[in-house]
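What follows is the content of start.csv, which has CSV, C-alpha atoms and all ligand atoms:
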```csv
chain,number,residue,atom,x,y,z
A,1,MET,CA,-36.0,168.3,5.1
A,2,GLN,CA,-35.5,165.2,7.3
A,3,GLY,CA,-32.4,163.0,7.1
A,4,PRO,CA,-29.9,162.8,4.2
A,5,LYS,CA,-31.1,163.4,0.7
A,6,ILE,CA,-32.4,160.4,-1.2
A,7,PRO,CA,-30.7,160.4,-4.6
A,8,PHE,CA,-32.5,159.7,-7.8
A,9,HIS,CA,-29.9,157.2,-8.6
A,10,ARG,CA,-26.5,156.1,-7.3
A,11,ALA,CA,-24.2,153.8,-9.2
A,12,GLU,CA,-22.3,151.4,-6.9
A,13,THR,CA,-20.6,148.1,-6.7
A,14,VAL,CA,-22.8,145.2,-5.8
A,15,GLY,CA,-20.5,142.2,-5.9
A,16,ARG,CA,-17.0,141.4,-7.2
A,17,GLU,CA,-16.6,144.3,-9.7
A,18,LEU,CA,-13.4,145.7,-8.1
A,19,GLU,CA,-11.9,142.2,-7.7
A,20,HIS,CA,-12.4,141.6,-11.4
A,21,VAL,CA,-11.0,145.0,-12.3
A,22,ALA,CA,-7.9,144.2,-10.2
A,23,ALA,CA,-7.6,140.8,-12.0
A,24,SER,CA,-7.8,142.5,-15.3
A,25,VAL,CA,-5.0,144.9,-14.4
A,26,ALA,CA,-2.9,142.0,-12.9
A,27,SER,CA,-3.3,140.1,-16.2
A,28,GLY,CA,-1.6,142.9,-18.0
A,29,HIS,CA,-4.5,143.1,-20.5
A,30,ILE,CA,-6.8,146.0,-20.1
A,31,GLY,CA,-7.6,146.9,-23.7
A,32,ALA,CA,-10.5,145.5,-25.7
A,33,GLY,CA,-11.1,141.9,-26.6
A,34,GLY,CA,-10.2,139.8,-23.5
A,35,PRO,CA,-11.8,137.2,-21.3
A,36,PHE,CA,-14.1,139.5,-19.3
A,37,GLY,CA,-15.5,141.0,-22.5
A,38,ASP,CA,-16.1,137.6,-23.8
A,39,ARG,CA,-18.0,136.5,-20.7
A,40,CYS,CA,-20.1,139.6,-20.7
A,41,ALA,CA,-20.9,139.2,-24.4
A,42,ARG,CA,-22.0,135.5,-24.0
A,43,ARG,CA,-24.2,136.3,-21.0
A,44,LEU,CA,-25.8,139.2,-22.8
A,45,GLU,CA,-26.5,137.0,-25.7
A,46,GLU,CA,-28.6,134.8,-23.3
A,47,LEU,CA,-30.2,137.8,-21.7
A,48,LEU,CA,-31.1,139.4,-25.0
A,49,GLY,CA,-32.0,136.2,-26.9
A,50,SER,CA,-29.5,137.3,-29.6
A,51,ARG,CA,-26.9,135.1,-31.3
A,52,HIS,CA,-24.3,137.9,-31.5
A,53,VAL,CA,-23.5,140.6,-29.0
A,54,LEU,CA,-20.6,143.0,-29.5
A,55,LEU,CA,-19.6,145.1,-26.5
A,56,THR,CA,-19.3,148.8,-27.2
A,57,LYS,CA,-18.2,151.9,-25.3
A,58,SER,CA,-21.8,153.1,-25.1
A,59,CYS,CA,-25.3,152.6,-26.5
A,60,THR,CA,-24.6,155.7,-28.5
A,61,HIS,CA,-21.8,153.8,-30.3
A,62,ALA,CA,-24.2,150.9,-30.9
A,63,LEU,CA,-26.6,153.3,-32.5
A,64,GLU,CA,-23.9,154.8,-34.6
A,65,MET,CA,-22.8,151.4,-35.7
A,66,MET,CA,-26.4,150.7,-36.8
A,67,ALA,CA,-26.4,153.8,-39.0
A,68,LEU,CA,-23.1,152.7,-40.5
A,69,LEU,CA,-24.3,149.1,-41.0
A,70,LEU,CA,-27.3,150.3,-42.9
A,71,ASP,CA,-25.1,152.6,-45.0
A,72,LEU,CA,-27.4,155.5,-44.2
A,73,GLY,CA,-26.7,158.8,-45.9
A,74,PRO,CA,-28.3,162.1,-47.0
A,75,GLU,CA,-30.8,160.4,-49.3
A,76,ASP,CA,-32.3,158.4,-46.4
A,77,GLU,CA,-34.8,159.0,-43.7
A,78,VAL,CA,-35.0,157.3,-40.3
A,79,ILE,CA,-38.2,157.4,-38.2
A,80,LEU,CA,-37.8,157.6,-34.4
A,81,PRO,CA,-39.8,158.9,-31.5
A,82,SER,CA,-39.5,162.6,-30.6
A,83,PHE,CA,-39.6,161.5,-27.0
A,84,ALA,CA,-36.2,160.0,-27.0
A,85,TYR,CA,-32.6,160.5,-26.0
A,86,VAL,CA,-30.5,162.9,-28.1
A,87,THR,CA,-28.2,160.2,-29.4
A,88,THR,CA,-31.1,158.1,-30.6
A,89,ALA,CA,-31.4,160.8,-33.3
A,90,ASN,CA,-27.8,162.0,-33.4
A,91,ALA,CA,-26.4,158.6,-34.4
A,92,PHE,CA,-28.3,158.8,-37.7
A,93,ALA,CA,-28.0,162.6,-38.2
A,94,LEU,CA,-24.3,162.1,-38.0
A,95,ARG,CA,-24.4,160.1,-41.2
A,96,GLY,CA,-26.4,162.9,-42.9
A,97,ALA,CA,-29.6,160.9,-42.8
A,98,ARG,CA,-32.8,162.9,-42.2
A,99,VAL,CA,-34.3,162.1,-38.8
A,100,VAL,CA,-38.1,162.1,-38.9
A,101,PHE,CA,-39.9,162.4,-35.6
A,102,ALA,CA,-43.0,160.4,-34.9
A,103,ASP,CA,-45.2,160.7,-31.8
A,104,VAL,CA,-45.6,158.3,-29.0
A,105,GLU,CA,-48.6,156.5,-27.5
A,106,ARG,CA,-50.0,158.2,-24.4
A,107,GLU,CA,-50.2,155.0,-22.3
A,108,THR,CA,-46.6,153.8,-22.7
A,109,LEU,CA,-44.7,156.7,-24.3
A,110,ASN,CA,-43.5,154.3,-27.0
A,111,LEU,CA,-43.6,154.8,-30.8
A,112,ASP,CA,-47.2,155.2,-32.1
A,113,PRO,CA,-47.4,152.9,-35.1
A,114,ALA,CA,-50.1,155.1,-36.7
A,115,SER,CA,-47.8,158.1,-36.4
A,116,VAL,CA,-45.0,156.1,-37.9
A,117,ARG,CA,-47.1,154.9,-40.8
A,118,ALA,CA,-48.1,158.5,-41.6
A,119,ARG,CA,-44.4,159.5,-41.9
A,120,ILE,CA,-43.2,156.7,-44.1
A,121,THR,CA,-41.9,157.9,-47.5
A,122,PRO,CA,-40.0,156.1,-50.3
A,123,ARG,CA,-36.8,157.3,-48.6
A,124,THR,CA,-37.5,155.7,-45.2
A,125,LYS,CA,-34.8,153.2,-44.5
A,126,ALA,CA,-35.3,152.5,-40.8
A,127,ILE,CA,-37.7,152.7,-37.8
A,128,VAL,CA,-36.1,153.0,-34.4
A,129,ALA,CA,-38.3,151.4,-31.6
A,130,LEU,CA,-37.3,152.8,-28.3
A,131,HIS,CA,-38.7,150.8,-25.4
A,132,TYR,CA,-39.2,153.6,-22.9
A,133,ALA,CA,-38.5,152.6,-19.3
A,134,GLY,CA,-38.2,149.0,-20.5
A,135,ALA,CA,-41.9,148.7,-21.5
A,136,ALA,CA,-42.2,146.9,-24.8
A,137,CYS,CA,-43.2,148.9,-27.9
A,138,ASP,CA,-46.1,147.6,-30.0
A,139,LEU,CA,-43.6,145.4,-31.9
A,140,ARG,CA,-46.3,143.4,-33.6
A,141,ALA,CA,-47.5,146.5,-35.4
A,142,LEU,CA,-44.1,148.0,-36.0
A,143,SER,CA,-42.6,144.8,-37.3
A,144,ALA,CA,-45.5,144.3,-39.7
A,145,LEU,CA,-45.1,147.9,-40.9
A,146,ALA,CA,-41.4,147.5,-41.4
A,147,THR,CA,-41.8,144.1,-43.3
A,148,GLU,CA,-44.7,145.5,-45.4
A,149,ARG,CA,-42.6,148.5,-46.5
A,150,GLY,CA,-39.2,146.8,-46.7
A,151,ILE,CA,-37.8,149.0,-43.9
A,152,ALA,CA,-35.3,147.9,-41.2
A,153,LEU,CA,-36.6,147.7,-37.7
A,154,LEU,CA,-34.0,148.8,-35.1
A,155,GLU,CA,-34.3,148.7,-31.3
A,156,ASP,CA,-33.0,151.3,-29.0
A,157,ASN,CA,-33.1,149.0,-26.1
A,158,ALA,CA,-31.1,151.2,-23.7
A,159,HIS,CA,-33.6,150.6,-21.0
A,160,GLY,CA,-34.9,147.2,-21.9
A,161,LEU,CA,-32.4,144.6,-20.8
A,162,GLY,CA,-34.5,142.0,-19.0
A,163,SER,CA,-37.8,142.9,-20.7
A,164,SER,CA,-39.8,140.6,-23.0
A,165,LEU,CA,-42.9,140.6,-25.2
A,166,GLU,CA,-44.9,137.4,-25.7
A,167,GLY,CA,-42.1,135.4,-24.3
A,168,ARG,CA,-39.4,136.9,-26.6
A,169,LYS,CA,-36.7,139.1,-25.2
A,170,LEU,CA,-36.6,142.8,-26.2
A,171,GLY,CA,-33.4,143.4,-28.2
A,172,SER,CA,-34.1,140.3,-30.3
A,173,PHE,CA,-36.8,141.8,-32.6
A,174,GLY,CA,-34.9,144.3,-34.6
A,175,SER,CA,-32.2,143.4,-37.1
A,176,LEU,CA,-30.0,145.4,-34.7
A,177,SER,CA,-30.5,146.5,-31.2
A,178,GLY,CA,-28.5,148.4,-28.6
A,179,VAL,CA,-28.3,148.4,-24.8
A,180,SER,CA,-26.7,150.9,-22.4
A,181,PHE,CA,-24.5,150.4,-19.3
A,182,HIS,CA,-24.2,154.1,-18.6
A,183,GLU,CA,-24.0,154.9,-14.9
A,184,THR,CA,-27.8,155.6,-14.6
A,185,LYS,CA,-28.7,152.2,-16.0
A,186,THR,CA,-29.8,149.1,-14.1
A,187,ILE,CA,-26.4,147.6,-14.5
A,188,THR,CA,-23.4,149.7,-15.4
A,189,CYS,CA,-19.7,150.0,-16.0
A,190,GLY,CA,-19.7,153.8,-16.0
A,191,GLU,CA,-20.0,154.2,-19.7
A,192,GLY,CA,-20.7,151.2,-21.8
A,193,GLY,CA,-23.1,149.5,-24.2
A,194,ALA,CA,-23.6,146.6,-26.5
A,195,LEU,CA,-24.9,146.0,-30.1
A,196,ALA,CA,-26.9,142.9,-30.7
A,197,VAL,CA,-26.6,141.7,-34.3
A,198,ASN,CA,-29.7,139.6,-35.1
A,199,ASP,CA,-29.2,139.7,-38.9
A,200,GLU,CA,-26.5,137.2,-39.6
A,201,VAL,CA,-25.6,138.9,-42.8
A,202,MET,CA,-24.4,142.0,-41.0
A,203,LEU,CA,-22.1,140.3,-38.5
A,204,ALA,CA,-18.9,140.3,-40.5
A,205,ARG,CA,-19.2,144.0,-41.2
A,206,ALA,CA,-20.2,144.8,-37.7
A,207,GLU,CA,-17.0,143.2,-36.4
A,208,ILE,CA,-14.9,145.3,-38.8
A,209,LEU,CA,-16.7,148.5,-37.8
A,210,LEU,CA,-16.2,147.6,-34.1
A,211,GLN,CA,-12.5,147.0,-34.6
A,212,LYS,CA,-11.5,150.3,-36.2
A,213,GLY,CA,-12.2,149.2,-39.7
A,214,THR,CA,-9.9,146.1,-39.5
A,215,ASP,CA,-10.3,142.3,-39.5
A,216,ARG,CA,-8.8,142.1,-36.1
A,217,ALA,CA,-11.6,139.9,-34.8
A,218,LYS,CA,-10.6,137.2,-37.4
A,219,PHE,CA,-7.0,137.7,-36.4
A,220,LEU,CA,-7.8,137.1,-32.7
A,221,ARG,CA,-9.7,133.9,-33.6
A,222,GLY,CA,-6.6,132.7,-35.5
A,223,GLN,CA,-8.4,132.9,-38.9
A,224,VAL,CA,-5.9,135.3,-40.5
A,225,ARG,CA,-2.1,135.9,-39.9
A,226,PHE,CA,-2.3,139.7,-39.9
A,227,TYR,CA,-5.0,142.2,-39.6
A,228,SER,CA,-5.4,145.2,-41.8
A,229,TRP,CA,-7.8,147.9,-43.0
A,230,HIS,CA,-11.0,146.4,-44.5
A,231,GLY,CA,-13.4,149.3,-44.5
A,232,LEU,CA,-15.0,152.0,-42.4
A,233,GLY,CA,-14.9,151.7,-38.6
A,234,SER,CA,-14.0,153.3,-35.4
A,235,SER,CA,-12.8,152.6,-31.9
A,236,PHE,CA,-16.2,151.3,-30.7
A,237,GLU,CA,-15.2,148.4,-28.6
A,238,MET,CA,-15.4,148.3,-24.8
A,239,SER,CA,-12.2,147.9,-22.8
A,240,GLU,CA,-11.4,145.0,-20.5
A,241,LEU,CA,-11.4,147.4,-17.5
A,242,HIS,CA,-15.0,148.3,-18.2
A,243,ALA,CA,-15.9,144.7,-19.1
A,244,ALA,CA,-14.4,143.4,-15.8
A,245,PHE,CA,-16.6,145.9,-13.8
A,246,LEU,CA,-19.6,145.0,-15.9
A,247,TRP,CA,-19.1,141.3,-15.3
A,248,GLY,CA,-19.3,141.9,-11.6
A,249,GLN,CA,-22.7,143.4,-12.2
A,250,LEU,CA,-23.8,140.7,-14.6
A,251,GLU,CA,-22.9,138.0,-12.1
A,252,ARG,CA,-25.6,139.5,-9.8
A,253,TRP,CA,-28.0,140.3,-12.6
A,254,ASP,CA,-31.0,138.3,-11.3
A,255,GLU,CA,-30.8,140.0,-7.9
A,256,ILE,CA,-30.3,143.5,-9.3
A,257,LEU,CA,-33.2,143.2,-11.7
A,258,GLY,CA,-35.4,141.5,-9.1
A,259,ARG,CA,-34.8,144.3,-6.6
A,260,ARG,CA,-35.6,147.0,-9.2
A,261,VAL,CA,-38.8,145.3,-10.3
A,262,ARG,CA,-39.9,145.0,-6.6
A,263,GLN,CA,-39.2,148.7,-6.0
A,264,TRP,CA,-41.1,149.6,-9.2
A,265,GLN,CA,-44.0,147.4,-8.2
A,266,ARG,CA,-44.1,148.9,-4.7
A,267,TYR,CA,-44.4,152.4,-6.1
A,268,ALA,CA,-47.1,151.3,-8.5
A,269,HIS,CA,-49.1,149.5,-5.8
A,270,GLU,CA,-48.8,152.1,-3.1
A,271,LEU,CA,-49.3,155.2,-5.3
A,272,ALA,CA,-52.4,153.8,-7.1
A,273,SER,CA,-55.1,155.6,-5.1
A,274,TRP,CA,-53.1,158.8,-4.7
A,275,ALA,CA,-52.6,158.9,-8.4
A,276,ARG,CA,-56.4,158.4,-9.1
A,277,ALA,CA,-57.3,161.1,-6.6
A,278,ASN,CA,-54.8,163.6,-8.1
A,279,ASP,CA,-55.2,162.9,-11.8
A,280,VAL,CA,-51.7,161.5,-12.1
A,281,HIS,CA,-50.8,158.9,-14.7
A,282,LEU,CA,-48.8,156.0,-13.5
A,283,PRO,CA,-46.6,153.9,-15.8
A,284,VAL,CA,-48.0,150.6,-17.2
A,285,VAL,CA,-46.5,147.4,-18.3
A,286,PRO,CA,-48.2,146.5,-21.7
A,287,ALA,CA,-50.3,143.3,-21.8
A,288,GLY,CA,-48.4,140.2,-22.8
A,289,SER,CA,-45.0,141.7,-21.7
A,290,THR,CA,-42.6,141.8,-18.8
A,291,SER,CA,-40.6,144.9,-18.0
A,292,SER,CA,-37.1,145.6,-16.8
A,293,CYS,CA,-38.8,148.4,-14.8
A,294,HIS,CA,-35.9,150.6,-15.5
A,295,ILE,CA,-37.7,153.9,-14.8
A,296,PHE,CA,-40.7,154.8,-12.7
A,297,ALA,CA,-42.1,157.8,-14.5
A,298,LEU,CA,-45.4,159.4,-13.5
A,299,ARG,CA,-47.1,162.2,-15.3
A,300,LEU,CA,-48.7,165.2,-13.6
A,301,PRO,CA,-51.7,167.0,-15.0
A,302,SER,CA,-49.7,170.0,-16.2
A,303,GLU,CA,-46.1,171.4,-16.4
A,304,ALA,CA,-46.8,173.7,-13.5
A,305,HIS,CA,-47.9,170.7,-11.4
A,306,ARG,CA,-44.7,168.8,-12.4
A,307,GLU,CA,-42.5,171.8,-11.4
A,308,ARG,CA,-44.2,172.1,-8.0
A,309,PHE,CA,-44.0,168.3,-7.5
A,310,LEU,CA,-40.3,168.3,-8.2
A,311,LYS,CA,-39.8,171.2,-5.8
A,312,GLU,CA,-41.9,169.7,-3.0
A,313,LEU,CA,-40.0,166.4,-3.3
A,314,ALA,CA,-36.7,168.2,-3.2
A,315,ALA,CA,-37.8,170.1,-0.1
A,316,GLY,CA,-38.7,166.7,1.4
A,317,GLY,CA,-35.2,165.4,0.7
A,318,VAL,CA,-36.1,163.4,-2.4
A,319,GLN,CA,-34.4,163.8,-5.7
A,320,ALA,CA,-36.9,163.3,-8.5
A,321,THR,CA,-36.3,164.4,-12.0
A,322,PHE,CA,-37.7,165.2,-15.4
A,323,HIS,CA,-36.8,163.3,-18.5
A,324,TYR,CA,-36.5,163.8,-22.3
A,325,LEU,CA,-37.4,167.1,-23.7
A,326,PRO,CA,-39.0,166.3,-27.1
A,327,LEU,CA,-36.4,166.3,-29.7
A,328,HIS,CA,-38.5,168.0,-32.3
A,329,LEU,CA,-38.7,171.1,-30.1
A,330,SER,CA,-34.9,171.2,-29.4
A,331,LYS,CA,-32.7,173.8,-31.1
A,332,MET,CA,-31.7,171.1,-33.6
A,333,GLY,CA,-35.2,169.9,-34.1
A,334,ARG,CA,-36.4,173.4,-34.9
A,335,GLU,CA,-33.6,173.8,-37.4
A,336,LEU,CA,-34.8,170.6,-39.0
A,337,GLY,CA,-38.2,172.3,-39.5
A,338,TYR,CA,-40.2,171.0,-36.6
A,339,GLY,CA,-42.4,173.1,-34.3
A,340,PRO,CA,-45.0,173.0,-31.5
A,341,GLY,CA,-47.9,170.6,-32.2
A,342,ASP,CA,-45.9,168.2,-34.4
A,343,CYS,CA,-45.8,165.5,-31.7
A,344,PRO,CA,-48.3,166.5,-29.1
A,345,VAL,CA,-48.0,163.5,-26.8
A,346,SER,CA,-44.2,163.8,-26.7
A,347,GLU,CA,-44.7,167.5,-25.8
A,348,GLU,CA,-47.0,166.7,-23.0
A,349,ALA,CA,-44.7,164.0,-21.7
A,350,GLY,CA,-41.7,166.3,-21.8
A,351,ALA,CA,-43.6,168.9,-19.8
A,352,CYS,CA,-45.4,166.7,-17.2
A,353,LEU,CA,-43.2,163.7,-16.5
A,354,ALA,CA,-41.3,163.1,-13.3
A,355,ARG,CA,-39.1,160.1,-12.4
A,356,LEU,CA,-38.9,158.7,-8.9
A,357,PRO,CA,-35.7,157.3,-7.3
A,358,LEU,CA,-34.9,153.7,-8.2
A,359,SER,CA,-31.6,152.0,-7.7
A,360,PHE,CA,-30.0,148.9,-6.1
A,361,GLY,CA,-28.9,150.9,-3.1
A,362,LEU,CA,-32.4,152.4,-2.4
A,363,GLY,CA,-33.4,150.9,0.9
A,364,ASP,CA,-36.9,150.0,2.0
A,365,GLU,CA,-37.0,152.8,4.5
A,366,GLN,CA,-35.8,155.3,2.0
A,367,GLN,CA,-38.5,154.2,-0.5
A,368,SER,CA,-41.0,154.6,2.3
A,369,ARG,CA,-39.8,158.1,2.8
A,370,VAL,CA,-40.2,158.8,-1.0
A,371,LEU,CA,-43.7,157.4,-0.8
A,372,GLU,CA,-44.5,159.6,2.2
A,373,VAL,CA,-43.3,162.8,0.5
A,374,VAL,CA,-45.2,161.9,-2.7
A,375,HIS,CA,-48.4,161.2,-0.8
A,376,GLU,CA,-48.2,164.7,0.7
A,377,PHE,CA,-48.4,166.2,-2.7
A,378,ARG,CA,-51.9,167.4,-3.8
A,379,VAL,CA,-52.8,168.6,-7.2
B,1,LIG,C1,-33.1,155.6,-24.9
B,1,LIG,C2,-31.6,155.9,-24.8
B,1,LIG,N1,-30.9,155.6,-25.9
B,1,LIG,C3,-29.6,155.8,-25.9
B,1,LIG,C4,-28.9,156.3,-24.8
B,1,LIG,C5,-27.5,156.5,-24.8
B,1,LIG,O1,-26.8,155.6,-24.0
B,1,LIG,P1,-25.3,155.7,-23.7
B,1,LIG,O2,-25.2,156.8,-22.6
B,1,LIG,O3,-24.8,154.4,-23.2
B,1,LIG,O4,-24.6,156.2,-24.9
B,1,LIG,C6,-29.7,156.6,-23.7
B,1,LIG,C7,-29.0,157.2,-22.5
B,1,LIG,O5,-29.5,157.3,-21.4
B,1,LIG,C8,-31.1,156.4,-23.7
B,1,LIG,O6,-31.9,156.7,-22.6
```

Any chance you could put this one into structure tokens?
Amino acid sequence: MQGPKIPFHRAETVGRELEHVAASVASGHIGAGGPFGDRCARRLEELLGSRHVLLTKSCTHALEMMALLLDLGPEDEVILPSFAYVTTANAFALRGARVVFADVERETLNLDPASVRARITPRTKAIVALHYAGAACDLRALSALATERGIALLEDNAHGLGSSLEGRKLGSFGSLSGVSFHETKTITCGEGGALAVNDEVMLARAEILLQKGTDRAKFLRGQVRFYSWHGLGSSFEMSELHAAFLWGQLERWDEILGRRVRQWQRYAHELASWARANDVHLPVVPAGSTSSCHIFALRLPSEAHRERFLKELAAGGVQATFHYLPLHLSKMGRELGYGPGDCPVSEEAGACLARLPLSFGLGDEQQSRVLEVVHEFRV
């Protein structure tokens, strides 16, 4: 190994994050619902093309709020990709709903509308479109399917802040969508997220859910004299400390996103012929869309190749990593009755995918080193 290890990702301050955190502390107000949170929410509304954004403690919480807002319960089914994060499923399973795993398209690893269609039953209440790596799902087909069958379309947009499809921002298509500011995301505050409420009718209840089941949002706007218990809810709202940090990142959003997109494009460009020669699948940005380029995930011809690839990169000082293991083959997935062969493309992706380092702090020379080590790999 030459030189220090190149991390897969490193969260860091890029601007005035610490100054804002200090200002929040100095103000004596570090709980939820303050000026930094307000600034972040308004900026995210612009970035997501959504009229209402509520800051949450995580994208997981945004997903849990979706399940609550749709009143999902044991009689209901939710269709989502097997190639997904645990909480994309867990948020709905937590309400007792049956999670139904659909397969993904080989090209993008996004929900395959044909697989979704085949799994719709009279109990299906929602379809969760996860835009893997920030590449847009086939929203035209999924929206048409949802409308035709009277099912809610939700977006797990954890990766897709800054992406768009046919000029419209991801996160604005579903009635509800969630983004993540976990430390591995393009912008972060450690743990954080947001729920975009695109269906006006749901806004009042979303505010109550967010505020521990109370009408505190109305109280803060001066619309009521006291606040009290109005319904189900939890402590979903992001604190000012986190919002202050996040605002520091949002202030530099264009630069952060721009750098990530350039890093991603450099990988795509410089690895193209190596990938062709070695039967490696490189990620694509679907036609008519722009991508946040959140993840650069390539797929090796087999699991054995992927394992060797990760080892050789590690030996060369580069930390690359696998990603989702298909949910239908997890312990929980098997307990739900799924088994091998149920979502073949997800299984292949779980076994063969490797992600390369991408982060604001990844320097050009470091990226050159990553490329050098990758080019040395032969299938
Ligand atoms: C697609 C997807 N959805 C949801 C989450 C959960 O996000 P959070 O960690 O903010 O709860 C993640 C986490 O990485 C994710 O990749």

**OP:** Kindly compile the residues surrounding ligand LIG 1 (chain B) within 7 Å, counting all atoms listed in the file, and format them as number ranges by chain.
**Re:** A: 58-61, 84-85, 87-88, 130, 132, 156-159, 180-182, 191-193

Take the residues from that selection and put them in a file with C-alpha atoms, as a PDB file, in the frame of the given file.
```pdb
ATOM      1  CA  SER A  58     -21.800 153.100 -25.100  1.00  0.00           C
ATOM      2  CA  CYS A  59     -25.300 152.600 -26.500  1.00  0.00           C
ATOM      3  CA  THR A  60     -24.600 155.700 -28.500  1.00  0.00           C
ATOM      4  CA  HIS A  61     -21.800 153.800 -30.300  1.00  0.00           C
ATOM      5  CA  ALA A  84     -36.200 160.000 -27.000  1.00  0.00           C
ATOM      6  CA  TYR A  85     -32.600 160.500 -26.000  1.00  0.00           C
ATOM      7  CA  THR A  87     -28.200 160.200 -29.400  1.00  0.00           C
ATOM      8  CA  THR A  88     -31.100 158.100 -30.600  1.00  0.00           C
ATOM      9  CA  LEU A 130     -37.300 152.800 -28.300  1.00  0.00           C
ATOM     10  CA  TYR A 132     -39.200 153.600 -22.900  1.00  0.00           C
ATOM     11  CA  ASP A 156     -33.000 151.300 -29.000  1.00  0.00           C
ATOM     12  CA  ASN A 157     -33.100 149.000 -26.100  1.00  0.00           C
ATOM     13  CA  ALA A 158     -31.100 151.200 -23.700  1.00  0.00           C
ATOM     14  CA  HIS A 159     -33.600 150.600 -21.000  1.00  0.00           C
ATOM     15  CA  SER A 180     -26.700 150.900 -22.400  1.00  0.00           C
ATOM     16  CA  PHE A 181     -24.500 150.400 -19.300  1.00  0.00           C
ATOM     17  CA  HIS A 182     -24.200 154.100 -18.600  1.00  0.00           C
ATOM     18  CA  GLU A 191     -20.000 154.200 -19.700  1.00  0.00           C
ATOM     19  CA  GLY A 192     -20.700 151.200 -21.800  1.00  0.00           C
ATOM     20  CA  GLY A 193     -23.100 149.500 -24.200  1.00  0.00           C
TER      21      GLY A 193
END
```

Per-residue nearest contacts range 98-156 of chain A to range 329-341 of chain A, cut-off 9 Å, using all atoms listed in the file, as a tab-separated table:
```
residue	atom	partner	partner_atom	distance
A:Arg98	CA	A:Leu336	CA	8.6
A:Val99	CA	A:Leu336	CA	8.5
A:Phe101	CA	A:Tyr338	CA	8.7
```

**OP:** Might you pull out every residue within 8 Å of Phe8 in chain A, with all atoms listed in the file counted and same-chain residues fewer than 6 positions away left off, and present them as a PyMOL selection string?
**Re:** chain A and resi 318-321+356-359

Contacts of Ser172 in chain A within 12 Å, only C-alpha atoms, excl. fewer than 6 positions in-chain, as a short mmCIF file (atom, residue, chain, number, x, y, z; two decimals) with C-alpha atoms, keeping the file's coordinate frame:
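Saved as selection.cif:
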```
data_model
loop_
_atom_site.label_atom_id
_atom_site.label_comp_id
_atom_site.auth_asym_id
_atom_site.auth_seq_id
_atom_site.Cartn_x
_atom_site.Cartn_y
_atom_site.Cartn_z
CA LEU A 44 -25.80 139.20 -22.80
CA GLU A 45 -26.50 137.00 -25.70
CA GLU A 46 -28.60 134.80 -23.30
CA LEU A 47 -30.20 137.80 -21.70
CA LEU A 48 -31.10 139.40 -25.00
CA GLY A 49 -32.00 136.20 -26.90
CA SER A 50 -29.50 137.30 -29.60
CA ARG A 51 -26.90 135.10 -31.30
CA HIS A 52 -24.30 137.90 -31.50
CA VAL A 53 -23.50 140.60 -29.00
CA ALA A 129 -38.30 151.40 -31.60
CA ALA A 136 -42.20 146.90 -24.80
CA LEU A 139 -43.60 145.40 -31.90
CA SER A 143 -42.60 144.80 -37.30
CA LEU A 153 -36.60 147.70 -37.70
CA LEU A 154 -34.00 148.80 -35.10
CA GLU A 155 -34.30 148.70 -31.30
CA ASP A 156 -33.00 151.30 -29.00
CA ASN A 157 -33.10 149.00 -26.10
CA GLY A 160 -34.90 147.20 -21.90
CA LEU A 161 -32.40 144.60 -20.80
CA GLY A 162 -34.50 142.00 -19.00
CA SER A 163 -37.80 142.90 -20.70
CA SER A 164 -39.80 140.60 -23.00
CA LEU A 165 -42.90 140.60 -25.20
CA GLY A 178 -28.50 148.40 -28.60
CA VAL A 179 -28.30 148.40 -24.80
CA LEU A 195 -24.90 146.00 -30.10
CA ALA A 196 -26.90 142.90 -30.70
CA VAL A 197 -26.60 141.70 -34.30
CA ASN A 198 -29.70 139.60 -35.10
CA ASP A 199 -29.20 139.70 -38.90
#
```

**OP:** Find the residues near Val379 in chain A: any atom within 7 Å, counting all atoms listed in the file, skip ones fewer than 2 places away on the same chain, and give them as a VMD selection string.
**Re:** chain A and resid 278 305 377

May I have the residues within 9 Å of range 259-269 of chain A as a PDB file with C-alpha atoms, in the frame of the given file, using only C-alpha atoms and disregarding those fewer than 3 positions away in the same chain?
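New file result.pdb:
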```
ATOM      1  CA  THR A 186     -29.800 149.100 -14.100  1.00  0.00           C
ATOM      2  CA  ASP A 254     -31.000 138.300 -11.300  1.00  0.00           C
ATOM      3  CA  GLU A 255     -30.800 140.000  -7.900  1.00  0.00           C
ATOM      4  CA  ILE A 256     -30.300 143.500  -9.300  1.00  0.00           C
ATOM      5  CA  ALA A 272     -52.400 153.800  -7.100  1.00  0.00           C
ATOM      6  CA  SER A 273     -55.100 155.600  -5.100  1.00  0.00           C
ATOM      7  CA  LEU A 282     -48.800 156.000 -13.500  1.00  0.00           C
ATOM      8  CA  PRO A 283     -46.600 153.900 -15.800  1.00  0.00           C
ATOM      9  CA  VAL A 284     -48.000 150.600 -17.200  1.00  0.00           C
ATOM     10  CA  SER A 291     -40.600 144.900 -18.000  1.00  0.00           C
ATOM     11  CA  SER A 292     -37.100 145.600 -16.800  1.00  0.00           C
ATOM     12  CA  CYS A 293     -38.800 148.400 -14.800  1.00  0.00           C
ATOM     13  CA  HIS A 294     -35.900 150.600 -15.500  1.00  0.00           C
ATOM     14  CA  ILE A 295     -37.700 153.900 -14.800  1.00  0.00           C
ATOM     15  CA  PHE A 296     -40.700 154.800 -12.700  1.00  0.00           C
ATOM     16  CA  LEU A 356     -38.900 158.700  -8.900  1.00  0.00           C
ATOM     17  CA  LEU A 358     -34.900 153.700  -8.200  1.00  0.00           C
ATOM     18  CA  SER A 359     -31.600 152.000  -7.700  1.00  0.00           C
ATOM     19  CA  PHE A 360     -30.000 148.900  -6.100  1.00  0.00           C
ATOM     20  CA  LEU A 362     -32.400 152.400  -2.400  1.00  0.00           C
ATOM     21  CA  ASP A 364     -36.900 150.000   2.000  1.00  0.00           C
ATOM     22  CA  GLN A 367     -38.500 154.200  -0.500  1.00  0.00           C
ATOM     23  CA  LEU A 371     -43.700 157.400  -0.800  1.00  0.00           C
TER      24      LEU A 371
END
```
